[in-house]
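Working notes for the structure below.
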2 protein chains.
Amino acid sequence: MEVSFLRKNFGERFIEDPAAALLYVRDASFIEFTNAVLGVVFPENEEEVVELVKWAIKNKTPLYPQGSATSLSGNATATGKGLVVSFEKMTKVEIDPVDGVAVVGPGVKLEELNIELARHGLFFPVDPGSVKSATVGGAIANGAGGMRGAKYGTMKDWVLGLRVVTGRGDLLKLGCRTYKCRNGYDLVRLFVGSEGTLGLVTEATLKLAPMPESAVAVLVYYDELEALVEDVVRVRASRLWPLFAEFLDAPTSALVGLEERNALFLGVEVNAGAEDRVLKRIESLLRGGIAQRALGWEGAMKLLEPRRKLFYGQIASAQREGGTLVIEDVAVPISKLPEAVRGLKKIAEKNGVPLLLGGHIGDGNLHPATWYRREEGLGKVEKFLRDMAELVLKLNGTISAEHGIGTLKKELMAMEVGEEVLNYMKELKKVFDPHGILNPGKIL
Amino acid sequence: MEVSFLRKNFGERFIEDPAAALLYVRDASFIEFTNAVLGVVFPENEEEVVELVKWAIKNKTPLYPQGSATSLSGNATATGKGLVVSFEKMTKVEIDPVDGVAVVGPGVKLEELNIELARHGLFFPVDPGSVKSATVGGAIANGAGGMRGAKYGTMKDWVLGLRVVTGRGDLLKLGCRTYKCRNGYDLVRLFVGSEGTLGLVTEATLKLAPMPESAVAVLVYYDELEALVEDVVRVRASRLWPLFAEFLDAPTSALVGLEERNALFLGVEVNAGAEDRVLKRIESLLRGGIAQRALGWEGAMKLLEPRRKLFYGQIASAQREGGTLVIEDVAVPISKLPEAVRGLKKIAEKNGVPLLLGGHIGDGNLHPATWYRREEGLGKVEKFLRDMAELVLKLNGTISAEHGIGTLKKELMAMEVGEEVLNYMKELKKVFDPHGILNPGKIL
């Protein structure tokens with residue numbers, strides 16, 4: 001292994017110390033491992049990324065790209081004796097409010113971007129739970145979603161152009177700076193959600209949205225989940241498109257400091273001055289009783305805060321029991337949500353694992369969480385996950401809505417897409433990374 | 001050529017008569033040709049499409065997929081001695097208002113779909129000029145855009161799942177029924193805009209939007225285009241996201257029955273009851289004087305009608321001069337629109353070709369139109385188009401915003417993306433269509 005190149009070219013931006021490098025080996029998923037990597041390198045520009053890939057090809061060394069490693073399926077883990085490539089030093093931000101785009105480096109954090117954008121009355125709508133630390137590059141690699149997905153979609157809807165270095169060492173400029181773009185096959189979106197297995201993103205051109213004039217939001221409790229889902233559907237059918245429609249089941253609500261009942265957080269964008277009327281309209285559509293109301297964008301975002309504590313609440317709950325949290329990510333068509341929730345409860349009971357439930361009702365995305373004690377092993381949880389996948393696929397859903405495949409969900413993904421589609425994906429992988437050096441072992 | 005299979009299996013759904021088949025050879029672009037095809041076939045279901053592809057592989061016969069052939073770059077033309085595959089008989093429509101999706105056959109017309117959807121308070125936002133006849137399959141193949149693109153994007157943002165038959169004869173089920181979907185590489189979006197060169201779409205799952213509660217719109221005249229663009233930017237910067245922002249230059253405005261001045265059609269979605277306030281707000285932001293006002297969704301759509309006549313007005317104008325219309329499709333960053341318009345006028349003058357200008361200001365998409373007399377040939381127009389491409393690329397724009405590449409824009413596309421990206425696209429083509437039987441000669 002020719003590390004002299006790394007020492008010479010990256011100097012202090014190459015970490016060789018195994019203990020320090022270990023901090024970059026895992027992500028936010030429950031997988032713990034202690035394998036040694038060759039080190040961590042921090043490129044500062046595109047040319048360095050190209051040189052790194054060429055070096056990796058020559059030295060047959062896997063590269064493990066990394067943003068803030070907040071992924072939950074093992075996407076950003078370093079699973080072999082390779083080099084972690086951290087993009088945390090590539091943090092350029094250029095905002096053009098007239099064009100409605102931002103040109104950013106992969107290491108820029110989503111929240112930092114939004115703080116800058118707010119000065120221009122703009123925002124970047126993709127809003128994963130990890131928004132405070134998640135980077136643009138990581139969000140692209142994972143095809144991140146989040147709470148505003150019901151209205152604003154996911155990363156695939158907000159990336160206009162990319163500069164990427166493929167596994168052949170080619171620097172490609174893909175897509176456009178304009179919103180409409182039809183210059184051949186849509187390679188931009190092939191890279192979104194490819195988890196760093198096809199190329200390393202060195203720059204992204206993002207589409208921006210004007211901040212809405214205002215918003216209203218409500219917190220509503222329900223005894224029955226069916227009534228909760230029906231209420232969301234009724235609002236949507238009444239020409240009010242929810243900005244967010246988030247749900248926590250009774251035990252999870254209690255975890256984040258709310259009443260121990262099914263809780264719905266529902267927000268809608270409105271024109272300034274229309275808040276009262278829209279709030280009354282929502283009130284007339286809901287069968288659940290409103291426990292909290294918020295008028296205005298800031299208020300709506302504040303009302304949502306207990307929901308943002310979901311992940312930390314779940315971790316704390318698992319730790320109290322000496323357990324390690326396993327947080328899942330599935331989606332079903334909205335009409336199937338009550339059936340999915342009933343089914344998940346049944347499956348958890350059958351397999352003897354705890355279950356905490358929350359998710360994005362507005363787009364059918366559920367995050368079932370469970371935990372296990374390391375000394376007892378993953379056996380029961382693995383059975384639960386397989387049953388969960390079967391249930392979700394039976395309901396015409398997907399085993400991964402926004403967390404991606406990584407190392408953890410390859411088997412479940414194969415169940416969903418089938419061998420034939422998988423083979424096409426493998427052939428695409430070969431086109432962009434014929435040497436198999438880019439984040440090997442992920443997705444496929 | 002083994003046509004007995006076609007006769008036997010498709011009977012009256014196989015047209016062999018060369019005169020009748022000739023109707024299916026061309027699209028809405030200016031290319032006229034009279035080459036004979038093998039015939040036209042009208043599959044009714046997926047199994048027939050699979051059999052057709054297998055037959056085509058065995059007989060080394062090109063397949064030319066076709067919706068309503070409203071494409072403008074030669075995308076849907078039959079350029080060789082192959083078989084036209086018309087999807088006009090595959091017109092299934094299943095709407096699920098709770099899930100917010102429609103599952104449709106490729107032959108469904110966009111306008112027919114929207115008529116059905118209106119009953120549920122829903123709509124499909126992609127709105128190309130040819131919306132009355134354009135089909136879902138054609139819109140997917142072309143990655144269609146349209147007037148609502150400034151807010152709602154293009155086809156790539158609204159296709160959740162596809163069933164496609166690749167050039168190997170494999171039927172693939174891609175994507176999801178849910179809004180969020182992360183089951184491996186995003187093959188759905190690779191097919192959107194691939195102009196039938198990678199696979200034949202047999203079914204699409206589309207995302208639907210709730211109809212907005214209401215809208216307002218204005219028609220405004222300007223002497224200077226700069227002022228027009230600045231007004232649109234100011235509205236967008238004021239947290240009002242234009243639903244449409246359409247523009248016609250002075251001669252084009254006259255063509256569709258308006259004053260002979262630069263015209264702006266600007267529409268914004270609003271909450272019911274907020275119309276007056278938002279209209280006043282827009283009025284305070286605009287420097288141009290408002291010539292027409294519309295309150296409500298229907299009124300806003302009606303105000304836009306003169307803009308919808310653009311294409312027909314341009315054709316009529318060319319025909320009056322004994323000419324054939326050439327309508328182009330480029331986009332530049334919004335900040336570069338005035339420069340692009342000035343440049344286009346200069347280039348038209350330099351090359352001695354007429355110029356009519358209109359387009360989608362809200363997303364920087366211009367449709368420069370010109371015409372030529374057949375007896376004089378395309379010489380001057382071709383020079384104009386090459387100059388146009390150079391100008392647009394210099395301004396960081398794209399040579400194809402929503403019309404695609406087809407046969408006509410291959411050279412311009414190569415100028416834009418470069419040889420290296422083109423080579424990756426060629427390798428993708430080989431993965432999905434190794435025998436080169438699917439719409440050969442298009443894009444690449």
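By convention in this document, the chains of the structure tokens carry letters A, B, ... by their order, each chain's residues are numbered from 1, and ligands are numbered from 1 in the order they are shown.
With the cut-off set to 6 Å and only C-alpha atoms counted, chain B residues close to chain A are Val98, Asp99, Asp157, Thr178, Tyr179, Lys180, Cys181, Arg182, Asn183, Tyr185, Asp186, Leu190, Ser194, Pro210, Met211, Pro212, Glu213, Arg239, Pro333, Ile334, Ser335, Asp363, Ser400, Ala401, Glu402 and Gly404 of chain B.
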Write out as a ChimeraX atom specification all residues of region 137-360 of chain A that DSSP puts in strand (DSSP E) for this structure's backbone. /A:159-166,171-175,199-207,209-210,214-222,242-248,262-270,289-295,324-327,330-331,358-360
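Considering only region 117-225 of chain B, backbone DSSP assigns helix (DSSP H, G or I) to Leu117, Ala118, Val136, Gly137, Gly138, Ala139, Ile140, Ala141, Asn142, Gly149, Ala150, Lys151, Tyr152, Met155, Lys156, Asp157, Leu187, Val188, Arg189, Leu190, Phe191 and Leu225 of chain B.
Here CA of Pro354 (chain B) stands at a distance of 8.6 Å from CA of Tyr372 (chain B).
CA of Arg119 (chain A) is positioned 22.8 Å from CA of Gly137 (chain A).
Shortest separation to Arg374 (chain A) among A:Ile347, A:Ala217, A:Val256, A:Val326 occurs at residue A:Val326, atoms counted being only C-alpha atoms.
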With only C-alpha atoms as the atoms that count, which of A:Ala21, A:Val85, A:Val268, A:Gly358 lies nearest to Lys309 (chain A)? A:Gly358
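Interatomic distance, CA of Val40 (chain B) against CA of Leu22 (chain B): 9.1 Å.
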Name the residues in contact with Ala36 (chain B) at a cut-off of 9 Å, using only C-alpha atoms, excluding same-chain residues fewer than 4 positions from it; report them as an MDAnalysis selection string. chainID B and resid 18:19 21:22 25 78 80:82
Quick one: everything within 10 Å of Gly11 (chain A), counting only C-alpha atoms, minus sequence neighbours fewer than 5 positions away in the same chain. Send it as a count of residues only. 5
